[in-house]
file my_file_35.cif (mmCIF, C-alpha atoms)
data_target
loop_
_atom_site.label_atom_id
_atom_site.label_comp_id
_atom_site.auth_asym_id
_atom_site.auth_seq_id
_atom_site.Cartn_x
_atom_site.Cartn_y
_atom_site.Cartn_z
CA MET A 176 -26.52 -6.51 4.58
CA SER A 177 -26.99 -5.17 1.10
CA ASP A 178 -30.47 -5.42 -0.44
CA GLN A 179 -29.52 -5.53 -4.13
CA SER A 180 -31.21 -8.19 -6.22
CA LEU A 181 -29.05 -11.04 -7.52
CA ALA A 182 -29.50 -9.91 -11.14
CA THR A 183 -28.26 -6.41 -10.27
CA VAL A 184 -25.22 -7.82 -8.52
CA PHE A 185 -24.39 -10.00 -11.51
CA LEU A 186 -24.80 -7.26 -14.14
CA ASN A 187 -22.88 -4.83 -11.99
CA ALA A 188 -19.91 -7.13 -11.52
CA SER A 189 -19.72 -8.41 -15.08
CA LEU A 190 -20.52 -5.40 -17.26
CA ILE A 191 -21.13 -2.05 -15.58
CA ASN A 192 -18.19 -2.18 -13.22
CA ASN A 193 -16.11 -4.72 -15.07
CA PHE A 194 -13.21 -5.80 -12.86
CA VAL A 195 -10.60 -5.35 -15.56
CA LEU A 196 -11.80 -2.43 -17.62
CA ALA A 197 -13.44 -0.23 -15.00
CA TYR A 198 -11.52 -1.09 -11.83
CA PHE A 199 -8.10 -2.00 -13.28
CA LEU A 200 -7.94 -5.30 -11.44
CA GLY A 201 -6.12 -8.30 -12.82
CA ILE A 202 -4.25 -6.30 -15.44
CA CYS A 203 -1.19 -8.57 -15.37
CA PRO A 204 -2.92 -11.73 -16.69
CA PHE A 205 -5.09 -9.50 -18.87
CA LEU A 206 -1.99 -8.28 -20.72
CA GLY A 207 0.01 -11.48 -20.26
CA VAL A 208 -2.32 -14.32 -21.30
CA SER A 209 -4.40 -12.59 -23.94
CA ASN A 210 -2.34 -13.69 -26.95
CA GLN A 211 -4.47 -16.70 -27.83
CA LEU A 212 -8.19 -17.16 -27.62
CA ALA A 213 -8.13 -20.74 -26.29
CA THR A 214 -5.72 -19.97 -23.47
CA ALA A 215 -7.67 -16.84 -22.57
CA VAL A 216 -10.90 -18.80 -22.12
CA ARG A 217 -9.23 -21.36 -19.84
CA MET A 218 -7.49 -18.69 -17.82
CA GLY A 219 -10.88 -17.06 -17.33
CA GLY A 220 -12.28 -20.39 -16.15
CA ALA A 221 -9.48 -20.88 -13.62
CA VAL A 222 -9.89 -17.36 -12.23
CA THR A 223 -13.66 -17.74 -11.97
CA PHE A 224 -13.21 -20.98 -10.05
CA VAL A 225 -10.78 -19.43 -7.56
CA MET A 226 -13.13 -16.48 -7.17
CA LEU A 227 -16.02 -18.81 -6.32
CA ILE A 228 -14.02 -20.66 -3.67
CA THR A 229 -12.76 -17.39 -2.21
CA SER A 230 -16.26 -15.97 -2.06
CA LEU A 231 -17.54 -19.10 -0.28
CA PHE A 232 -14.84 -18.80 2.38
CA VAL A 233 -15.00 -15.03 2.79
CA THR A 234 -18.53 -15.19 4.18
CA GLY A 235 -17.33 -17.67 6.80
CA ILE A 236 -14.17 -15.74 7.62
CA ASN A 237 -16.10 -12.53 8.11
CA ALA A 238 -18.52 -14.21 10.51
CA LEU A 239 -15.63 -15.77 12.43
CA LEU A 240 -13.60 -12.55 12.65
CA ALA A 241 -16.67 -10.64 13.80
CA ALA A 242 -17.20 -13.28 16.50
CA ILE A 243 -13.65 -13.05 17.87
CA ASP A 244 -13.53 -9.28 17.26
CA ALA A 245 -10.35 -9.22 15.17
CA PRO A 246 -11.04 -7.27 11.94
CA TYR A 247 -7.32 -6.54 11.46
CA LEU A 248 -6.77 -10.21 10.58
CA ALA A 249 -9.09 -9.98 7.54
CA LEU A 250 -6.43 -9.26 4.92
CA ILE A 251 -4.13 -12.04 6.13
CA SER A 252 -6.90 -14.65 6.24
CA PHE A 253 -8.16 -13.72 2.77
CA ILE A 254 -4.75 -14.09 1.20
CA ALA A 255 -4.21 -17.44 2.94
CA VAL A 256 -7.49 -18.80 1.54
CA ILE A 257 -6.69 -17.54 -1.95
CA ALA A 258 -3.21 -19.04 -1.92
CA SER A 259 -4.62 -22.44 -0.91
CA ALA A 260 -7.34 -22.31 -3.56
CA VAL A 261 -4.79 -21.51 -6.24
CA GLN A 262 -2.62 -24.40 -5.09
CA LEU A 263 -5.66 -26.67 -5.51
CA VAL A 264 -6.37 -25.44 -9.02
CA GLU A 265 -2.71 -25.82 -9.95
CA MET A 266 -2.63 -29.47 -8.88
CA PHE A 267 -5.93 -30.14 -10.66
CA VAL A 268 -4.81 -28.58 -13.94
CA LYS A 269 -1.43 -30.30 -13.79
CA LYS A 270 -3.11 -33.71 -13.41
CA THR A 271 -5.91 -33.28 -15.97
CA SER A 272 -4.28 -31.20 -18.71
CA PRO A 273 -0.48 -30.90 -18.82
CA ALA A 274 -0.75 -28.97 -22.10
CA LEU A 275 -2.88 -26.27 -20.51
CA PHE A 276 -0.53 -26.27 -17.53
CA ARG A 277 2.36 -25.39 -19.83
CA ALA A 278 0.34 -22.82 -21.79
CA LEU A 279 -0.61 -20.89 -18.66
CA GLY A 280 2.94 -21.14 -17.33
CA ILE A 281 3.89 -18.70 -14.62
CA PHE A 282 0.47 -17.05 -14.76
CA LEU A 283 -1.18 -20.01 -13.03
CA PRO A 284 0.59 -19.64 -9.65
CA LEU A 285 0.38 -15.89 -10.15
CA ILE A 286 -3.42 -16.09 -9.80
CA THR A 287 -2.59 -15.76 -6.09
CA THR A 288 -1.37 -12.25 -6.71
CA ASN A 289 -4.21 -11.47 -9.12
CA CYS A 290 -5.69 -8.39 -7.51
CA ALA A 291 -9.13 -9.16 -8.96
CA ILE A 292 -9.54 -12.03 -6.50
CA LEU A 293 -8.41 -10.22 -3.37
CA ALA A 294 -10.51 -7.25 -4.47
CA LEU A 295 -13.52 -9.54 -4.77
CA ALA A 296 -13.07 -10.54 -1.14
CA LEU A 297 -12.65 -6.91 -0.03
CA PHE A 298 -15.60 -5.56 -2.04
CA GLN A 299 -17.82 -8.36 -0.83
CA THR A 300 -16.95 -7.41 2.75
CA ASN A 301 -17.30 -3.66 2.25
CA ARG A 302 -20.65 -3.87 0.49
CA GLY A 303 -22.03 -6.36 2.99
CA TYR A 304 -23.07 -8.98 0.45
CA GLY A 305 -24.71 -12.06 1.96
CA PHE A 306 -23.94 -15.67 1.05
CA ALA A 307 -26.03 -15.89 -2.15
CA GLN A 308 -25.09 -12.38 -3.26
CA GLY A 309 -21.43 -13.22 -2.70
CA ILE A 310 -21.60 -16.27 -4.94
CA VAL A 311 -23.41 -14.37 -7.69
CA PHE A 312 -20.88 -11.54 -7.33
CA ALA A 313 -18.03 -14.02 -7.81
CA LEU A 314 -19.74 -15.53 -10.88
CA GLY A 315 -20.34 -12.07 -12.34
CA GLY A 316 -16.81 -10.93 -11.63
CA GLY A 317 -15.39 -14.08 -13.19
CA ALA A 318 -17.64 -13.74 -16.23
CA GLY A 319 -16.59 -10.12 -16.65
CA PHE A 320 -12.91 -11.04 -16.36
CA THR A 321 -13.31 -13.84 -18.91
CA LEU A 322 -15.23 -11.55 -21.27
CA ALA A 323 -12.52 -8.87 -21.14
CA LEU A 324 -9.79 -11.46 -21.67
CA VAL A 325 -11.60 -13.10 -24.60
CA LEU A 326 -12.35 -9.79 -26.33
CA MET A 327 -8.74 -8.73 -25.94
CA ALA A 328 -7.43 -12.08 -27.21
CA GLY A 329 -9.73 -11.90 -30.24
CA VAL A 330 -8.42 -8.49 -31.21
CA ARG A 331 -4.80 -9.41 -30.56
CA GLU A 332 -4.98 -12.59 -32.65
CA ARG A 333 -6.04 -10.45 -35.61
CA LEU A 334 -3.43 -7.80 -34.94
CA ASP A 335 -0.67 -10.40 -35.19
CA LEU A 336 -1.07 -10.14 -38.95
CA ALA A 337 -1.28 -6.36 -39.05
CA ASP A 338 1.67 -4.17 -39.94
CA VAL A 339 2.29 -2.17 -36.78
CA PRO A 340 5.08 0.41 -36.41
CA GLY A 341 8.04 -0.97 -34.45
CA VAL A 342 7.81 1.41 -31.49
CA MET A 343 4.16 0.56 -30.98
CA LYS A 344 4.65 -3.23 -30.77
CA GLY A 345 4.14 -5.09 -27.51
CA THR A 346 3.00 -3.38 -24.33
CA ALA A 347 2.13 -0.01 -25.84
CA LEU A 348 -0.22 -1.56 -28.39
CA ALA A 349 -1.86 -3.81 -25.81
CA LEU A 350 -2.43 -0.84 -23.50
CA ALA A 351 -3.93 1.30 -26.25
CA LEU A 352 -6.27 -1.58 -27.15
CA ALA A 353 -7.29 -1.96 -23.52
CA GLY A 354 -8.06 1.75 -23.44
CA ILE A 355 -10.36 1.46 -26.43
CA LEU A 356 -12.12 -1.57 -24.93
CA SER A 357 -12.53 0.37 -21.71
CA VAL A 358 -14.20 3.24 -23.60
CA ALA A 359 -16.59 0.70 -25.10
CA PHE A 360 -17.46 -0.66 -21.67
CA MET A 361 -18.27 2.84 -20.43
CA GLY A 362 -21.42 2.47 -22.51
CA PHE A 363 -22.71 -0.11 -20.03
CA ALA A 364 -22.93 2.61 -17.39
CA GLY A 365 -26.25 3.40 -19.05
CA LEU A 366 -27.63 0.17 -17.56
CA GLY A 367 -27.62 2.00 -14.21
CA GLY A 368 -26.70 0.78 -10.78
CA ALA A 369 -23.31 2.50 -10.71
CA GLU A 370 -21.39 1.68 -7.56
CA PRO A 371 -19.09 4.13 -5.76
CA MET B 149 22.00 -9.60 14.84
CA LYS B 150 25.03 -9.69 12.61
CA VAL B 151 24.39 -10.05 8.91
CA VAL B 152 27.27 -10.76 6.60
CA ASP B 153 27.07 -9.18 3.19
CA GLU B 154 28.18 -11.59 0.49
CA LYS B 155 29.01 -9.05 -2.15
CA ALA B 156 29.83 -6.03 -0.06
CA ASP B 157 32.15 -4.83 -2.79
CA ALA B 158 29.37 -4.37 -5.37
CA MET B 159 28.52 -0.69 -5.49
CA PRO B 160 25.65 0.13 -3.09
CA THR B 161 24.78 3.18 -5.18
CA ASP B 162 24.28 0.91 -8.16
CA VAL B 163 21.85 -1.29 -6.22
CA PHE B 164 19.90 1.84 -5.38
CA LEU B 165 20.00 3.51 -8.79
CA LYS B 166 19.03 0.57 -10.97
CA GLY B 167 15.53 0.48 -9.49
CA LEU B 168 15.12 4.17 -10.02
CA TRP B 169 15.75 4.21 -13.73
CA ARG B 170 17.45 1.38 -15.63
CA GLU B 171 15.27 -1.39 -14.21
CA ASN B 172 12.33 0.79 -13.25
CA PRO B 173 9.67 -1.66 -12.01
CA THR B 174 6.77 0.02 -13.79
CA LEU B 175 8.18 1.64 -16.92
CA VAL B 176 10.72 -1.03 -17.86
CA GLN B 177 9.57 -4.27 -16.23
CA VAL B 178 5.83 -3.41 -16.50
CA LEU B 179 4.98 -4.82 -13.06
CA GLY B 180 2.36 -3.67 -10.59
CA MET B 181 0.02 -2.36 -13.25
CA CYS B 182 -3.20 -2.35 -11.25
CA PRO B 183 -2.38 0.42 -8.75
CA THR B 184 -0.39 2.23 -11.43
CA LEU B 185 -3.47 2.68 -13.55
CA ALA B 186 -6.18 2.82 -10.91
CA VAL B 187 -5.11 5.50 -8.44
CA THR B 188 -3.26 7.90 -10.72
CA ASN B 189 -6.26 10.07 -11.58
CA THR B 190 -4.79 12.88 -9.47
CA ALA B 191 -1.18 13.65 -8.60
CA ARG B 192 -1.95 13.63 -4.87
CA ASN B 193 -3.37 10.10 -4.94
CA ALA B 194 -0.40 8.97 -7.01
CA VAL B 195 2.11 10.31 -4.46
CA ALA B 196 0.22 8.81 -1.51
CA MET B 197 0.03 5.42 -3.20
CA GLY B 198 3.70 5.60 -4.15
CA LEU B 199 4.78 6.39 -0.59
CA ALA B 200 2.61 3.64 0.92
CA THR B 201 4.09 1.11 -1.50
CA LEU B 202 7.61 2.42 -0.83
CA PHE B 203 7.17 1.82 2.90
CA VAL B 204 5.85 -1.71 2.42
CA LEU B 205 8.57 -2.51 -0.09
CA VAL B 206 11.42 -1.36 2.15
CA GLY B 207 9.90 -3.07 5.19
CA SER B 208 9.25 -6.37 3.45
CA ASN B 209 12.69 -6.38 1.82
CA ALA B 210 14.36 -5.80 5.20
CA LEU B 211 12.30 -8.46 6.99
CA VAL B 212 12.50 -11.05 4.25
CA SER B 213 16.25 -10.64 4.00
CA ALA B 214 16.59 -10.88 7.79
CA ILE B 215 14.67 -14.19 7.96
CA ARG B 216 15.99 -15.63 4.70
CA ASN B 217 18.24 -18.23 6.37
CA TRP B 218 15.52 -19.67 8.62
CA VAL B 219 12.62 -20.03 6.19
CA PRO B 220 12.37 -23.45 4.47
CA LYS B 221 12.35 -23.18 0.70
CA GLN B 222 8.95 -24.86 0.27
CA VAL B 223 6.98 -22.33 2.29
CA ARG B 224 8.94 -19.20 1.43
CA ILE B 225 6.30 -17.58 -0.80
CA ALA B 226 3.61 -18.09 1.83
CA SER B 227 5.86 -16.56 4.51
CA TYR B 228 6.70 -13.58 2.31
CA ILE B 229 3.01 -12.99 1.65
CA LEU B 230 2.32 -13.06 5.40
CA VAL B 231 5.08 -10.51 6.07
CA ILE B 232 3.72 -8.27 3.30
CA ALA B 233 0.10 -8.61 4.44
CA THR B 234 1.07 -7.61 7.98
CA LEU B 235 2.91 -4.50 6.76
CA VAL B 236 0.02 -3.55 4.50
CA THR B 237 -2.46 -3.87 7.36
CA MET B 238 -0.28 -1.41 9.31
CA VAL B 239 -0.19 1.06 6.42
CA ASP B 240 -3.94 0.73 5.94
CA TYR B 241 -4.66 1.71 9.55
CA ALA B 242 -2.00 4.46 9.49
CA ILE B 243 -3.52 6.14 6.42
CA GLN B 244 -6.98 5.86 7.94
CA ALA B 245 -5.66 7.68 11.01
CA ILE B 246 -3.83 10.39 9.06
CA SER B 247 -6.45 11.31 6.46
CA LEU B 248 -9.87 9.74 6.06
CA ASP B 249 -10.37 11.56 2.75
CA LEU B 250 -7.26 10.01 1.30
CA HIS B 251 -8.27 6.59 2.57
CA ARG B 252 -11.60 6.95 0.82
CA ALA B 253 -9.98 8.12 -2.43
CA LEU B 254 -7.56 5.20 -2.55
CA GLY B 255 -10.28 2.76 -1.51
CA ALA B 256 -9.51 -0.93 -1.71
CA PHE B 257 -6.21 -0.23 -3.43
CA ILE B 258 -4.34 0.23 -0.16
CA ALA B 259 -5.25 -3.30 0.88
CA LEU B 260 -4.42 -4.43 -2.63
CA ILE B 261 -0.76 -3.47 -2.12
CA VAL B 262 -0.50 -7.04 -0.81
CA VAL B 263 -0.85 -8.39 -4.32
CA ASN B 264 1.41 -5.84 -5.97
CA CYS B 265 3.79 -8.04 -7.96
CA ILE B 266 6.69 -5.61 -7.48
CA ILE B 267 6.87 -6.35 -3.75
CA LEU B 268 6.71 -10.13 -3.97
CA GLY B 269 8.99 -9.96 -6.99
CA ARG B 270 11.72 -8.06 -5.14
CA ALA B 271 11.37 -10.32 -2.08
CA GLU B 272 11.91 -13.38 -4.24
CA ALA B 273 14.46 -12.00 -6.68
CA PHE B 274 16.59 -9.82 -4.42
CA ALA B 275 15.87 -9.82 -0.68
CA SER B 276 15.93 -13.61 -0.33
CA LYS B 277 19.49 -13.66 -1.66
CA ASN B 278 21.09 -10.50 -0.24
CA GLY B 279 21.90 -8.91 3.09
CA VAL B 280 19.62 -6.55 4.98
CA ARG B 281 21.45 -3.33 4.08
CA ARG B 282 21.51 -4.02 0.35
CA SER B 283 17.91 -5.21 0.40
CA VAL B 284 16.80 -1.97 2.04
CA LEU B 285 18.69 -0.01 -0.62
CA ASP B 286 17.09 -2.11 -3.36
CA GLY B 287 13.67 -1.53 -1.81
CA LEU B 288 14.29 2.21 -1.65
CA GLY B 289 15.39 2.34 -5.28
CA MET B 290 12.53 0.25 -6.60
CA GLY B 291 10.01 2.07 -4.40
CA LEU B 292 11.18 5.50 -5.56
CA GLY B 293 11.15 4.26 -9.16
CA PHE B 294 7.54 3.21 -8.66
CA CYS B 295 6.75 6.64 -7.13
CA LEU B 296 8.34 8.32 -10.13
CA ALA B 297 6.26 6.31 -12.60
CA LEU B 298 3.05 7.00 -10.67
CA MET B 299 3.88 10.73 -10.61
CA LEU B 300 4.47 10.78 -14.37
CA LEU B 301 1.04 9.25 -14.94
CA GLY B 302 -0.79 11.13 -12.22
CA MET B 303 0.47 14.55 -13.27
CA VAL B 304 -0.41 14.11 -16.93
CA ARG B 305 -3.85 12.77 -16.10
CA GLU B 306 -4.67 15.48 -13.58
CA VAL B 307 -3.47 18.34 -15.79
CA LEU B 308 -5.42 17.11 -18.82
CA GLY B 309 -8.44 15.69 -17.00
CA SER B 310 -9.13 18.33 -14.37
CA GLY B 311 -6.94 21.26 -15.45
CA SER B 312 -5.10 21.33 -12.15
CA LEU B 313 -1.92 20.03 -10.50
CA PHE B 314 -1.91 18.87 -6.86
CA GLY B 315 -5.32 20.55 -6.60
CA VAL B 316 -4.07 23.97 -7.85
CA GLU B 317 -6.02 25.31 -10.84
CA LEU B 318 -3.76 25.86 -13.84
CA PHE B 319 -5.78 27.09 -16.78
CA GLY B 320 -8.52 29.24 -15.26
CA PRO B 321 -12.28 28.74 -15.54
CA ARG B 322 -12.40 28.66 -19.36
CA TYR B 323 -10.63 25.30 -19.53
CA GLU B 324 -12.88 22.48 -20.68
CA ASP B 325 -11.93 19.34 -18.71
CA TRP B 326 -10.80 16.41 -20.81
CA VAL B 327 -12.89 14.09 -18.67
CA ILE B 328 -11.81 10.84 -20.29
CA MET B 329 -8.31 11.27 -18.88
CA VAL B 330 -9.51 10.79 -15.28
CA LEU B 331 -11.72 7.86 -16.28
CA PRO B 332 -10.28 4.32 -16.51
CA SER B 333 -9.64 4.46 -20.24
CA GLY B 334 -7.50 7.58 -19.78
CA GLY B 335 -5.17 5.57 -17.55
CA PHE B 336 -4.59 3.01 -20.29
CA PHE B 337 -4.03 5.69 -22.93
CA THR B 338 -1.65 7.77 -20.80
CA PHE B 339 0.42 4.75 -19.86
CA ALA B 340 0.50 3.58 -23.48
CA ALA B 341 1.75 7.03 -24.47
CA TRP B 342 4.55 6.97 -21.87
CA ILE B 343 5.68 3.49 -22.93
CA LEU B 344 5.60 4.66 -26.52
CA PHE B 345 7.74 7.68 -25.63
CA PHE B 346 10.36 5.56 -23.83
CA ASN B 347 10.43 2.99 -26.67
CA TRP B 348 10.90 5.75 -29.20
CA ARG B 349 13.79 7.22 -27.18
CA LYS B 350 15.43 3.81 -26.87
CA GLN B 351 15.15 3.22 -30.62
CA ARG B 352 16.59 6.61 -31.47
CA ARG B 353 19.50 6.07 -29.09
CA ALA B 354 20.22 2.68 -30.67
CA ALA B 355 20.01 4.22 -34.15
CA THR B 356 22.52 6.96 -33.34
CA ARG B 357 24.88 4.42 -31.76
CA GLU B 358 24.76 2.34 -34.95
CA ALA B 359 25.33 5.38 -37.11
CA ARG B 360 28.57 6.04 -35.24
#
call {"tool": "encode", "arguments": {"input": "my_file_35.cif", "output": "structure tokens"}}
result
Amino acid sequence: MSDQSLATVFLNASLINNFVLAYFLGICPFLGVSNQLATAVRMGGAVTFVMLITSLFVTGINALLAAIDAPYLALISFIAVIASAVQLVEMFVKKTSPALFRALGIFLPLITTNCAILALALFQTNRGYGFAQGIVFALGGGAGFTLALVLMAGVRERLDLADVPGVMKGTALALALAGILSVAFMGFAGLGGAEP
Amino acid sequence: MKVVDEKADAMPTDVFLKGLWRENPTLVQVLGMCPTLAVTNTARNAVAMGLATLFVLVGSNALVSAIRNWVPKQVRIASYILVIATLVTMVDYAIQAISLDLHRALGAFIALIVVNCIILGRAEAFASKNGVRRSVLDGLGMGLGFCLALMLLGMVREVLGSGSLFGVELFGPRYEDWVIMVLPSGGFFTFAAWILFFNWRKQRRAATREAR
């Protein structure tokens, strides 16, 4: 059991060790859905929700697997839970907001293969977070993911109007931007509490 | 088990080579970015990650293509994920047995091979429609292409960031490490530079072809 305070866990997950910019997790939606600010915010919301559900279940799964002494099943159970949670979100979004459903497109089912969520489950297990810490960790991770996505979308919306050399357009530009954002986030390391 | 190849006349070498270069999963299709950027801070990590992914990719392609006629369409993604997760668990334990240092350096990213889009992508786009032999070839090509891309990144980052290659010092003690290259932001910059280079080459090729 880890003895970090809840505030430390939150700050660590959202800023100091940001999932996207420090750990390179969830790069695909980060590059794919960061063209528009509104879509980026909603994508962040969906990911945070799936993270929360995953975190809730992971605590239970870990207890169960420890009881039946089968740690090698961890990965398979995590991915099964995540896939079901994503299915749930997909149905919910489709019912409540068809417009959003179309805007997110293929990236909605792809939340299943968003490494940020599986990584959340793995980190939570490795660091021995308890129930409350796990939930705060999921909230922090989701907030960090949303923050990175929103910042990126803000910059990219402006750059649409800029005159960029042809070779630089598209992926190369997005990657260079992500690099600069990542340098900015290195500043948060000064808040302390760096995690191996 | 006898598997009939539908398009046995299509060149097997072509199936293999397209993954390596023309449809390179990382450099051309820009898939599987997370491990590409995260574990390429040294060339050794890059090679280890590439080989682990290669194994899972070939294994999952072979298995998925072998079971493709028995899996109902509605649950195919879930079954593919299960196949992949099983293979990854095997690799995880194997690496732990071979080298604990390596396992520590790669960290959670071995387990995260499960969610590498290249693997699920090939299962869905190729292995579920082709025979076992061709799927294995496709897996080999794509896997080696992924290895190649990781090596390109890992070598540049290690040479610039730590002044060494595969752990061998290159520039002597006077070299001031360019630390940012081994940090996360260096990964983004290096990859952006490689994409830029390949775009530039493609544009120049197209320009010369037009000039002719």
call {"tool": "axis_aligned_box", "arguments": {"input": "my_file_35.cif", "around": "segment 186-193 of chain A", "padding_each_side": "8 Å", "output": "AutoDock Vina command-line options"}}
result
--center_x -20.5 --center_y -5.2 --center_z -14.4 --size_x 24.7 --size_y 22.4 --size_z 21.7
call {"tool": "interface_residues", "arguments": {"input": "my_file_35.cif", "of": "chain B", "to": "chain A", "cutoff": "7 Å", "atoms": "only C-alpha atoms", "output": "PDB file with C-alpha atoms, in the coordinates of the input"}}
result
ATOM      1  CA  MET B 181       0.020  -2.360 -13.250  1.00  0.00           C
ATOM      2  CA  CYS B 182      -3.200  -2.350 -11.250  1.00  0.00           C
ATOM      3  CA  LEU B 185      -3.470   2.680 -13.550  1.00  0.00           C
ATOM      4  CA  ALA B 186      -6.180   2.820 -10.910  1.00  0.00           C
ATOM      5  CA  LEU B 230       2.320 -13.060   5.400  1.00  0.00           C
ATOM      6  CA  ALA B 233       0.100  -8.610   4.440  1.00  0.00           C
ATOM      7  CA  THR B 237      -2.460  -3.870   7.360  1.00  0.00           C
ATOM      8  CA  ALA B 256      -9.510  -0.930  -1.710  1.00  0.00           C
ATOM      9  CA  LEU B 260      -4.420  -4.430  -2.630  1.00  0.00           C
ATOM     10  CA  VAL B 263      -0.850  -8.390  -4.320  1.00  0.00           C
ATOM     11  CA  CYS B 265       3.790  -8.040  -7.960  1.00  0.00           C
ATOM     12  CA  PRO B 332     -10.280   4.320 -16.510  1.00  0.00           C
ATOM     13  CA  SER B 333      -9.640   4.460 -20.240  1.00  0.00           C
ATOM     14  CA  GLY B 334      -7.500   7.580 -19.780  1.00  0.00           C
ATOM     15  CA  PHE B 336      -4.590   3.010 -20.290  1.00  0.00           C
ATOM     16  CA  PHE B 337      -4.030   5.690 -22.930  1.00  0.00           C
ATOM     17  CA  ALA B 340       0.500   3.580 -23.480  1.00  0.00           C
ATOM     18  CA  ILE B 343       5.680   3.490 -22.930  1.00  0.00           C
ATOM     19  CA  LEU B 344       5.600   4.660 -26.520  1.00  0.00           C
ATOM     20  CA  ASN B 347      10.430   2.990 -26.670  1.00  0.00           C
ATOM     21  CA  TRP B 348      10.900   5.750 -29.200  1.00  0.00           C
TER      22      TRP B 348
END
call {"tool": "closest_atom_pairs", "arguments": {"input": "my_file_35.cif", "of": "segment 242-335 of chain A", "to": "segment 226-232 of chain A", "cutoff": "9 Å", "atoms": "all atoms listed in the file", "output": "CSV"}}
result
residue,atom,partner,partner_atom,distance
A:Phe253,CA,A:Thr229,CA,7.7
A:Val256,CA,A:Thr229,CA,6.6
A:Ile257,CA,A:Thr229,CA,6.1
A:Ala260,CA,A:Ile228,CA,6.9
A:Ala291,CA,A:Met226,CA,8.5
A:Ile292,CA,A:Met226,CA,5.8
A:Leu293,CA,A:Thr229,CA,8.5
A:Leu295,CA,A:Met226,CA,7.4
A:Ala296,CA,A:Ser230,CA,6.4
A:Gln299,CA,A:Ser230,CA,7.9
A:Phe306,CA,A:Leu231,CA,7.4
A:Gly309,CA,A:Ser230,CA,5.9
A:Ile310,CA,A:Ser230,CA,6.1
A:Val311,CA,A:Leu227,CA,8.7
A:Phe312,CA,A:Ser230,CA,8.3
A:Ala313,CA,A:Leu227,CA,5.4
A:Leu314,CA,A:Leu227,CA,6.7
A:Gly316,CA,A:Met226,CA,8.0
A:Gly317,CA,A:Met226,CA,6.9
call {"tool": "atom_distance", "arguments": {"input": "my_file_35.cif", "atom1": "atom CA of Val330 of chain B", "atom2": "atom CA of Leu205 of chain B"}}
result
27.1 Å
call {"tool": "resolve_selection", "arguments": {"input": "my_file_35.cif", "expression": "the PyMOL selection byres ((chain B and resi 272-281) around 7)", "output": "count of residues only"}}
result
17
call {"tool": "residues_around", "arguments": {"input": "my_file_35.cif", "residues": "Glu171 of chain B", "least_positions_apart": "6", "cutoff": "12 Å", "atoms": "only C-alpha atoms", "output": "ChimeraX atom specification"}}
result
/B:162-165,177-179,266,270,286,289-294,297
call {"tool": "resolve_selection", "arguments": {"input": "my_file_35.cif", "expression": "the PyMOL selection byres ((chain B and resi 320-324) around 12)", "output": "list of chain:residue names"}}
result
B:Val307, B:Leu308, B:Gly309, B:Ser310, B:Gly311, B:Ser312, B:Val316, B:Glu317, B:Leu318, B:Phe319, B:Asp325, B:Trp326, B:Val327, B:Ile328
call {"tool": "closest_residue", "arguments": {"input": "my_file_35.cif", "among": "B:Gly315, B:Gly302, B:Pro160, B:Gly335", "to": "Thr190 of chain B", "atoms": "all atoms listed in the file"}}
result
B:Gly302
call {"tool": "residues_around", "arguments": {"input": "my_file_35.cif", "residues": "segment 319-322 of chain A", "least_positions_apart": "5", "cutoff": "7 Å", "atoms": "all atoms listed in the file", "output": "list in words"}}
result
Ala188, Ser189, Leu190, Asn193, Phe194, Val195, Val216 and Gly219 of chain A
call {"tool": "atom_distance", "arguments": {"input": "my_file_35.cif", "atom1": "atom CA of Gly255 of chain B", "atom2": "atom CA of Arg224 of chain B"}}
result
29.3 Å
call {"tool": "atom_distance", "arguments": {"input": "my_file_35.cif", "atom1": "atom CA of Asn210 of chain A", "atom2": "atom CA of Met266 of chain A"}}
result
24.0 Å
call {"tool": "residues_around", "arguments": {"input": "my_file_35.cif", "residues": "Leu301 of chain B", "least_positions_apart": "5", "cutoff": "8 Å", "atoms": "only C-alpha atoms", "output": "list in words"}}
result
Thr184, Thr188, Gly335, Thr338 and Phe339 of chain B
call {"tool": "resolve_selection", "arguments": {"input": "my_file_35.cif", "expression": "the PyMOL selection byres ((chain A and resi 332) around 12)", "output": "list in words"}}
result
Val208, Ser209, Asn210, Gln211, Leu212, Ala213, Thr214, Ala215, Val325, Leu326, Met327, Ala328, Gly329, Val330, Arg331, Arg333, Leu334, Asp335, Leu336, Ala337 and Ala349 of chain A
call {"tool": "residues_around", "arguments": {"input": "my_file_35.cif", "residues": "Cys295 of chain B", "least_positions_apart": "5", "cutoff": "9 Å", "atoms": "only C-alpha atoms", "output": "number ranges by chain"}}
result
B: 194-199, 201-202, 290, 300
call {"tool": "closest_residue", "arguments": {"input": "my_file_35.cif", "among": "B:Ile243, B:Ile261, B:Asn217, B:Tyr228", "to": "Val204 of chain B", "atoms": "all atoms listed in the file"}}
result
B:Ile261
